[in-house]
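Q: One structure is given below, represented as structure tokens, and several questions about it will come after.
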Amino acid sequence: MVLIGMPSSGKSTAGVLLAKKIGYGFIDCDLLIQGEENALLSEIIAKKGAEEFLKIEERVNAGLYASRCVIATGGSVCYSPRAMEHLKEIGKVIYLELSAEETERRIPNLMKRGVVMRGSVSDLKGLHRERVPLYERYADETVHCDGKTIDETVAEIASVAGFEI
């Protein structure tokens, strides 16, 4: 199963907890990128720029082959139709939906976080407006995360994916 959503929606945290509970492996695509580039996401974006980072992210996600794994993608993977179509082929795509307000609360510093900003988008509200329709387009299922504990989020992801935990 593949988790998509805004930065801080819980893809990595919920993903690793879910994987442990259902006996699956866990893959964090941001960590794969950092390992390949030997740098933090924020450093890669600062050094190579947003468009080059997106090319790296597309290559990593479109080349991923895994079974019986929970995959946590980076928030910007939604910009790549090629990567998203591939991810849909290898697993159910679950969108962890987070409101713009909750996203802002969870991310105090965009630049330090390593968030890709493109074109005229310069803040989280703009980023949210740009990405949400993409997440919704690719999602097989949606889990609403506002006001939920991590355990509640994990349980709901498991439920929409067909697992009882």
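Residues are referred to by chain and number: the chain letter is A, B, ... according to the order shown in the structure tokens, the number counts from 1 in that chain, and ligands are numbered separately from 1 in the order shown.
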I need the strand (DSSP E) residues of segment 12-162 of chain A per DSSP on the backbone, written as a count of residues only.

A: 17

Q: Give me the residues within 7 Å of segment 91-107 of chain A as a ChimeraX atom specification, counting only C-alpha atoms and dropping any in the same chain fewer than 3 places off.

A: /A:1-6,8-9,87-88,110,124-125,128,135,139-146

Q: So which residues touch Ser12 of chain A within 7 Å, counting only C-alpha atoms, skipping near sequence neighbours fewer than 4 positions away, as a short mmCIF file (atom, residue, chain, number, x, y, z; two decimals) with C-alpha atoms, in the first residue's frame?

A:
data_model
loop_
_atom_site.label_atom_id
_atom_site.label_comp_id
_atom_site.auth_asym_id
_atom_site.auth_seq_id
_atom_site.Cartn_x
_atom_site.Cartn_y
_atom_site.Cartn_z
CA VAL A 16 6.07 2.40 9.90
CA ASP A 28 10.25 5.68 3.08
CA ALA A 72 5.53 6.38 2.42
#

Q: What's the 10 Å shell around Met117 of chain A, counting only C-alpha atoms, without same-chain residues fewer than 2 positions away, as a PyMOL selection string?

A: chain A and resi 45+49-51+76+110-111+114-115+119-124+126-127

Q: Next, dump the selected residues to file, keeping only C-alpha atoms, as a PDB file, in the first residue's frame.

A:
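Once everything was written out, this is out_12.pdb:
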ATOM      1  CA  ILE A  45      16.384  21.256  -3.122  1.00  0.00           C
ATOM      2  CA  GLY A  49      16.542  23.275  -7.338  1.00  0.00           C
ATOM      3  CA  ALA A  50      12.937  22.131  -7.164  1.00  0.00           C
ATOM      4  CA  GLU A  51      12.677  20.855 -10.743  1.00  0.00           C
ATOM      5  CA  SER A  76       5.575  16.187  -3.947  1.00  0.00           C
ATOM      6  CA  LEU A 110       8.896  25.094   5.417  1.00  0.00           C
ATOM      7  CA  MET A 111      12.498  25.570   4.274  1.00  0.00           C
ATOM      8  CA  GLY A 114      12.574  20.351   2.637  1.00  0.00           C
ATOM      9  CA  VAL A 115       9.247  21.071   0.958  1.00  0.00           C
ATOM     10  CA  GLY A 119       6.103  28.495  -9.611  1.00  0.00           C
ATOM     11  CA  SER A 120       4.100  31.145  -7.798  1.00  0.00           C
ATOM     12  CA  VAL A 121       3.365  28.982  -4.736  1.00  0.00           C
ATOM     13  CA  SER A 122       5.087  30.564  -1.749  1.00  0.00           C
ATOM     14  CA  ASP A 123       3.208  29.357   1.332  1.00  0.00           C
ATOM     15  CA  LEU A 124       1.505  26.298   2.761  1.00  0.00           C
ATOM     16  CA  GLY A 126      -0.983  27.804  -1.773  1.00  0.00           C
ATOM     17  CA  LEU A 127       0.804  24.464  -1.665  1.00  0.00           C
TER      18      LEU A 127
END
